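A.B. asks: Just passing along the structure, written as structure tokens.
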Amino acid sequence: MGRSKENDEEMTVELDLEDGSKVVCAIITILTLQNQDYIALLPLDENGENTDGEVWFYRYHEDENNPDAEPELTYIEDEAEYEIVADVFDEYLDNAEFDEIVEDEEG
């Protein structure tokens with residue numbers, strides 16, 4: 001069974017930070033780049049809001065042998081790799097906004 005697309009906005013993930021605290025992040029999208037999946041996350045405060053517009057990127061890996069396993073998120077150590085993912089994400093945002101504009105005009 002695949003994931004439900006209906007609750008796309010509501011999909012969140014809880015990250016354990018290095019200082020031991022936890023942050024709930026909204027999942028914006030998953031990008032695939034050179035056979036590696038990356039996840040774009042929007043960190044949320046206690047009220048479930050993001051105030052600074054900061055987006056976090058992580059390597060994303062699903063266990064193909066066990067669809068029920070939690071996906072693994074790995075910190076991107078390489079700055080050049082992070083920049084590439086950020087650029088691809090910017091393109092994704094441009095396309096997403098364009099799609100919304102087109103839908104608005106048609107509606």
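Here, A, B, ... name the chains of the structure tokens in the order displayed, residue numbers run from 1 inside each chain, and ligands are numbered from 1 in the same displayed order.
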Set the distance at 8 Å and use only C-alpha atoms: which residues neighbour Cys25 of chain A once local chain neighbours fewer than 5 positions away are removed? I'd like the list as number ranges by chain.
C.D. replies: A: 12-15, 41-44
A.B. asks: Give me the residues within 6 Å of segment 54-62 of chain A as an MDAnalysis selection string, counting only C-alpha atoms and dropping any in the same chain fewer than 5 places off.
C.D. replies: chainID A and resid 37:42 71:76
A.B. asks: Output all heavy atoms for every residue in that selection, as an mmCIF file, in the first residue's frame.
C.D. replies:
```cif
data_model
loop_
_atom_site.group_PDB
_atom_site.id
_atom_site.type_symbol
_atom_site.label_atom_id
_atom_site.label_comp_id
_atom_site.auth_asym_id
_atom_site.auth_seq_id
_atom_site.Cartn_x
_atom_site.Cartn_y
_atom_site.Cartn_z
ATOM 1 N N ASP A 37 17.752 10.264 -2.908
ATOM 2 C CA ASP A 37 16.585 11.047 -2.512
ATOM 3 C C ASP A 37 16.965 12.026 -1.416
ATOM 4 O O ASP A 37 17.759 11.704 -0.522
ATOM 5 C CB ASP A 37 15.465 10.130 -1.989
ATOM 6 C CG ASP A 37 14.807 9.343 -3.122
ATOM 7 O OD1 ASP A 37 14.924 9.765 -4.279
ATOM 8 O OD2 ASP A 37 14.196 8.312 -2.828
ATOM 9 N N TYR A 38 16.389 13.207 -1.500
ATOM 10 C CA TYR A 38 16.580 14.224 -0.467
ATOM 11 C C TYR A 38 15.207 14.697 -0.016
ATOM 12 O O TYR A 38 14.269 14.733 -0.805
ATOM 13 C CB TYR A 38 17.365 15.425 -1.011
ATOM 14 C CG TYR A 38 18.764 15.066 -1.422
ATOM 15 C CD1 TYR A 38 19.045 14.704 -2.731
ATOM 16 C CD2 TYR A 38 19.799 15.083 -0.500
ATOM 17 C CE1 TYR A 38 20.335 14.360 -3.116
ATOM 18 C CE2 TYR A 38 21.089 14.731 -0.877
ATOM 19 C CZ TYR A 38 21.350 14.377 -2.181
ATOM 20 O OH TYR A 38 22.617 14.034 -2.556
ATOM 21 N N ILE A 39 15.108 15.065 1.246
ATOM 22 C CA ILE A 39 13.836 15.539 1.769
ATOM 23 C C ILE A 39 13.993 16.997 2.191
ATOM 24 O O ILE A 39 15.030 17.375 2.755
ATOM 25 C CB ILE A 39 13.359 14.641 2.936
ATOM 26 C CG1 ILE A 39 11.920 14.966 3.303
ATOM 27 C CG2 ILE A 39 14.282 14.734 4.141
ATOM 28 C CD1 ILE A 39 11.259 13.908 4.180
ATOM 29 N N ALA A 40 12.997 17.808 1.855
ATOM 30 C CA ALA A 40 12.984 19.216 2.251
ATOM 31 C C ALA A 40 11.987 19.360 3.395
ATOM 32 O O ALA A 40 10.826 18.960 3.269
ATOM 33 C CB ALA A 40 12.577 20.102 1.074
ATOM 34 N N LEU A 41 12.455 19.913 4.510
ATOM 35 C CA LEU A 41 11.638 20.016 5.718
ATOM 36 C C LEU A 41 11.508 21.467 6.161
ATOM 37 O O LEU A 41 12.441 22.254 6.035
ATOM 38 C CB LEU A 41 12.294 19.225 6.861
ATOM 39 C CG LEU A 41 12.507 17.734 6.621
ATOM 40 C CD1 LEU A 41 13.291 17.138 7.762
ATOM 41 C CD2 LEU A 41 11.174 17.027 6.456
ATOM 42 N N LEU A 42 10.346 21.774 6.710
ATOM 43 C CA LEU A 42 10.089 23.097 7.263
ATOM 44 C C LEU A 42 9.962 22.938 8.773
ATOM 45 O O LEU A 42 8.982 22.366 9.255
ATOM 46 C CB LEU A 42 8.781 23.636 6.668
ATOM 47 C CG LEU A 42 8.499 25.119 6.817
ATOM 48 C CD1 LEU A 42 9.525 25.957 6.076
ATOM 49 C CD2 LEU A 42 7.108 25.434 6.293
ATOM 50 N N PRO A 71 11.587 5.882 7.413
ATOM 51 C CA PRO A 71 12.639 6.325 6.494
ATOM 52 C C PRO A 71 13.809 6.904 7.288
ATOM 53 O O PRO A 71 13.633 7.441 8.375
ATOM 54 C CB PRO A 71 11.954 7.419 5.678
ATOM 55 C CG PRO A 71 10.491 7.189 5.845
ATOM 56 C CD PRO A 71 10.325 6.572 7.188
ATOM 57 N N GLU A 72 14.991 6.763 6.721
ATOM 58 C CA GLU A 72 16.193 7.234 7.395
ATOM 59 C C GLU A 72 16.577 8.601 6.844
ATOM 60 O O GLU A 72 16.636 8.797 5.631
ATOM 61 C CB GLU A 72 17.306 6.226 7.094
ATOM 62 C CG GLU A 72 18.493 6.319 7.984
ATOM 63 C CD GLU A 72 19.535 5.269 7.617
ATOM 64 O OE1 GLU A 72 19.146 4.102 7.393
ATOM 65 O OE2 GLU A 72 20.709 5.636 7.546
ATOM 66 N N LEU A 73 16.802 9.575 7.746
ATOM 67 C CA LEU A 73 17.239 10.897 7.332
ATOM 68 C C LEU A 73 18.687 11.070 7.757
ATOM 69 O O LEU A 73 19.034 10.823 8.897
ATOM 70 C CB LEU A 73 16.389 11.993 7.990
ATOM 71 C CG LEU A 73 14.889 11.938 7.730
ATOM 72 C CD1 LEU A 73 14.216 13.189 8.270
ATOM 73 C CD2 LEU A 73 14.578 11.801 6.259
ATOM 74 N N THR A 74 19.522 11.483 6.820
ATOM 75 C CA THR A 74 20.939 11.652 7.100
ATOM 76 C C THR A 74 21.347 13.088 6.830
ATOM 77 O O THR A 74 20.997 13.656 5.789
ATOM 78 C CB THR A 74 21.786 10.732 6.192
ATOM 79 O OG1 THR A 74 21.175 9.451 6.129
ATOM 80 C CG2 THR A 74 23.195 10.585 6.704
ATOM 81 N N TYR A 75 22.084 13.650 7.764
ATOM 82 C CA TYR A 75 22.571 15.022 7.632
ATOM 83 C C TYR A 75 23.501 15.129 6.427
ATOM 84 O O TYR A 75 24.323 14.245 6.198
ATOM 85 C CB TYR A 75 23.309 15.395 8.922
ATOM 86 C CG TYR A 75 23.757 16.820 8.989
ATOM 87 C CD1 TYR A 75 22.834 17.849 9.167
ATOM 88 C CD2 TYR A 75 25.102 17.146 8.883
ATOM 89 C CE1 TYR A 75 23.244 19.168 9.237
ATOM 90 C CE2 TYR A 75 25.520 18.468 8.950
ATOM 91 C CZ TYR A 75 24.590 19.471 9.125
ATOM 92 O OH TYR A 75 24.996 20.768 9.188
ATOM 93 N N ILE A 76 23.368 16.199 5.646
ATOM 94 C CA ILE A 76 24.246 16.406 4.481
ATOM 95 C C ILE A 76 25.496 17.145 4.950
ATOM 96 O O ILE A 76 25.439 18.330 5.277
ATOM 97 C CB ILE A 76 23.520 17.208 3.376
ATOM 98 C CG1 ILE A 76 22.256 16.476 2.928
ATOM 99 C CG2 ILE A 76 24.458 17.438 2.189
ATOM 100 C CD1 ILE A 76 21.368 17.287 1.988
#
```
A.B. asks: Of the candidates A:Glu81, A:Leu93, A:Asp99, A:Met11, which shows the shortest atom-to-atom distance to Leu33 of chain A, using only C-alpha atoms?
C.D. replies: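 Checking each candidate against Leu33 of chain A, we get A:Glu81 as the closest.
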A.B. asks: Could you state the separation of atom CA of Gln36 of chain A and atom CA of Asp78 of chain A in Å, given to one decimal place?
C.D. replies: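 Between atom CA of Gln36 of chain A and atom CA of Asp78 of chain A the gap works out to 14.0 Å.
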A.B. asks: I need the residues in segment 31-65 of chain A that are strand (DSSP E) according to DSSP; give them as an MDAnalysis selection string.
C.D. replies: chainID A and resid 31:33 36:43 56:61
A.B. asks: Generate the output file for the selected residues, all heavy atoms, as a compact mmCIF listing (two decimals), in the first residue's frame.
C.D. replies:
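And here is the file that came out, out.txt:
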```txt
# COMPACT_ATOMS: atom_id res chain seq x y z
N LEU A 31 12.98 15.23 -3.12
CA LEU A 31 13.63 15.47 -4.41
C LEU A 31 14.58 14.32 -4.70
O LEU A 31 15.24 13.82 -3.79
CB LEU A 31 14.45 16.77 -4.33
CG LEU A 31 13.72 18.02 -3.88
CD1 LEU A 31 14.70 19.09 -3.45
CD2 LEU A 31 12.82 18.53 -4.98
N THR A 32 14.66 13.91 -5.96
CA THR A 32 15.61 12.86 -6.33
C THR A 32 16.68 13.48 -7.21
O THR A 32 16.38 14.18 -8.18
CB THR A 32 14.91 11.72 -7.07
OG1 THR A 32 13.85 11.24 -6.26
CG2 THR A 32 15.88 10.58 -7.34
N LEU A 33 17.92 13.22 -6.85
CA LEU A 33 19.06 13.83 -7.52
C LEU A 33 20.15 12.79 -7.63
O LEU A 33 20.60 12.26 -6.62
CB LEU A 33 19.52 14.99 -6.64
CG LEU A 33 20.26 16.14 -7.28
CD1 LEU A 33 19.34 16.89 -8.21
CD2 LEU A 33 20.76 17.07 -6.18
N GLN A 36 19.89 9.70 -5.59
CA GLN A 36 19.81 9.88 -4.14
C GLN A 36 18.56 10.72 -3.85
O GLN A 36 18.33 11.73 -4.51
CB GLN A 36 21.06 10.61 -3.63
CG GLN A 36 20.99 11.05 -2.18
CD GLN A 36 20.94 9.89 -1.20
OE1 GLN A 36 21.81 9.04 -1.17
NE2 GLN A 36 19.90 9.85 -0.40
N ASP A 37 17.75 10.26 -2.91
CA ASP A 37 16.59 11.05 -2.51
C ASP A 37 16.96 12.03 -1.42
O ASP A 37 17.76 11.70 -0.52
CB ASP A 37 15.47 10.13 -1.99
CG ASP A 37 14.81 9.34 -3.12
OD1 ASP A 37 14.92 9.77 -4.28
OD2 ASP A 37 14.20 8.31 -2.83
N TYR A 38 16.39 13.21 -1.50
CA TYR A 38 16.58 14.22 -0.47
C TYR A 38 15.21 14.70 -0.02
O TYR A 38 14.27 14.73 -0.81
CB TYR A 38 17.36 15.43 -1.01
CG TYR A 38 18.76 15.07 -1.42
CD1 TYR A 38 19.05 14.70 -2.73
CD2 TYR A 38 19.80 15.08 -0.50
CE1 TYR A 38 20.33 14.36 -3.12
CE2 TYR A 38 21.09 14.73 -0.88
CZ TYR A 38 21.35 14.38 -2.18
OH TYR A 38 22.62 14.03 -2.56
N ILE A 39 15.11 15.07 1.25
CA ILE A 39 13.84 15.54 1.77
C ILE A 39 13.99 17.00 2.19
O ILE A 39 15.03 17.38 2.76
CB ILE A 39 13.36 14.64 2.94
CG1 ILE A 39 11.92 14.97 3.30
CG2 ILE A 39 14.28 14.73 4.14
CD1 ILE A 39 11.26 13.91 4.18
N ALA A 40 13.00 17.81 1.86
CA ALA A 40 12.98 19.22 2.25
C ALA A 40 11.99 19.36 3.40
O ALA A 40 10.83 18.96 3.27
CB ALA A 40 12.58 20.10 1.07
N LEU A 41 12.45 19.91 4.51
CA LEU A 41 11.64 20.02 5.72
C LEU A 41 11.51 21.47 6.16
O LEU A 41 12.44 22.25 6.03
CB LEU A 41 12.29 19.22 6.86
CG LEU A 41 12.51 17.73 6.62
CD1 LEU A 41 13.29 17.14 7.76
CD2 LEU A 41 11.17 17.03 6.46
N LEU A 42 10.35 21.77 6.71
CA LEU A 42 10.09 23.10 7.26
C LEU A 42 9.96 22.94 8.77
O LEU A 42 8.98 22.37 9.26
CB LEU A 42 8.78 23.64 6.67
CG LEU A 42 8.50 25.12 6.82
CD1 LEU A 42 9.53 25.96 6.08
CD2 LEU A 42 7.11 25.43 6.29
N PRO A 43 10.97 23.40 9.55
CA PRO A 43 10.88 23.24 11.01
C PRO A 43 9.74 24.07 11.59
O PRO A 43 9.55 25.22 11.19
CB PRO A 43 12.24 23.74 11.51
CG PRO A 43 12.89 24.43 10.37
CD PRO A 43 12.21 24.02 9.11
N TRP A 56 15.16 22.99 5.85
CA TRP A 56 16.26 22.07 6.09
C TRP A 56 16.23 20.96 5.05
O TRP A 56 15.15 20.48 4.67
CB TRP A 56 16.14 21.45 7.49
CG TRP A 56 16.26 22.43 8.61
CD1 TRP A 56 16.66 23.73 8.54
CD2 TRP A 56 15.96 22.18 9.98
NE1 TRP A 56 16.63 24.29 9.78
CE2 TRP A 56 16.21 23.37 10.69
CE3 TRP A 56 15.52 21.06 10.69
CZ2 TRP A 56 16.03 23.47 12.07
CZ3 TRP A 56 15.33 21.16 12.05
CH2 TRP A 56 15.59 22.35 12.73
N PHE A 57 17.40 20.53 4.62
CA PHE A 57 17.52 19.43 3.66
C PHE A 57 18.29 18.27 4.30
O PHE A 57 19.29 18.49 4.97
CB PHE A 57 18.25 19.88 2.39
CG PHE A 57 17.61 21.05 1.72
CD1 PHE A 57 18.19 22.31 1.78
CD2 PHE A 57 16.41 20.91 1.04
CE1 PHE A 57 17.59 23.40 1.17
CE2 PHE A 57 15.80 22.00 0.44
CZ PHE A 57 16.41 23.24 0.49
N TYR A 58 17.79 17.07 4.04
CA TYR A 58 18.47 15.86 4.52
C TYR A 58 18.47 14.82 3.40
O TYR A 58 17.57 14.81 2.55
CB TYR A 58 17.75 15.25 5.73
CG TYR A 58 17.94 16.03 7.00
CD1 TYR A 58 17.13 17.10 7.31
CD2 TYR A 58 18.95 15.67 7.90
CE1 TYR A 58 17.31 17.83 8.48
CE2 TYR A 58 19.14 16.39 9.07
CZ TYR A 58 18.32 17.46 9.36
OH TYR A 58 18.50 18.17 10.51
N ARG A 59 19.45 13.93 3.44
CA ARG A 59 19.38 12.75 2.59
C ARG A 59 18.24 11.89 3.13
O ARG A 59 18.05 11.81 4.34
CB ARG A 59 20.68 11.96 2.66
CG ARG A 59 21.77 12.55 1.84
CD ARG A 59 22.90 11.54 1.72
NE ARG A 59 24.07 12.20 1.15
CZ ARG A 59 25.30 12.04 1.61
NH1 ARG A 59 25.51 11.26 2.65
NH2 ARG A 59 26.30 12.66 1.05
N TYR A 60 17.54 11.24 2.22
CA TYR A 60 16.35 10.49 2.60
C TYR A 60 16.49 9.09 2.03
O TYR A 60 16.82 8.92 0.85
CB TYR A 60 15.14 11.21 2.00
CG TYR A 60 13.82 10.53 2.22
CD1 TYR A 60 13.08 10.77 3.37
CD2 TYR A 60 13.28 9.69 1.25
CE1 TYR A 60 11.85 10.18 3.56
CE2 TYR A 60 12.05 9.08 1.45
CZ TYR A 60 11.35 9.34 2.60
OH TYR A 60 10.12 8.75 2.79
N HIS A 61 16.25 8.09 2.87
CA HIS A 61 16.39 6.71 2.39
C HIS A 61 15.27 5.86 2.96
O HIS A 61 15.11 5.76 4.17
CB HIS A 61 17.75 6.13 2.82
CG HIS A 61 17.92 4.71 2.41
ND1 HIS A 61 18.18 4.33 1.11
CD2 HIS A 61 17.85 3.57 3.12
CE1 HIS A 61 18.25 3.01 1.05
NE2 HIS A 61 18.05 2.52 2.26
```
A.B. asks: Atom CA of Ile84 of chain A to atom CA of Thr51 of chain A: how many Å, to one decimal?
C.D. replies: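 Spanning atom CA of Ile84 of chain A to atom CA of Thr51 of chain A is a straight-line distance of 24.5 Å.
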A.B. asks: When you count only C-alpha atoms, which of these residues is closest to Gln34 of chain A: A:Asp63, A:Asp68, A:Val85, A:Asn47?
C.D. replies: A:Val85
A.B. asks: For Val24 of chain A, which residue among A:Asp87, A:Glu77, A:Glu70, A:Asp45 is the nearest when counting only C-alpha atoms?
C.D. replies: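 Selected residue with least distance to Val24 of chain A: A:Asp45.
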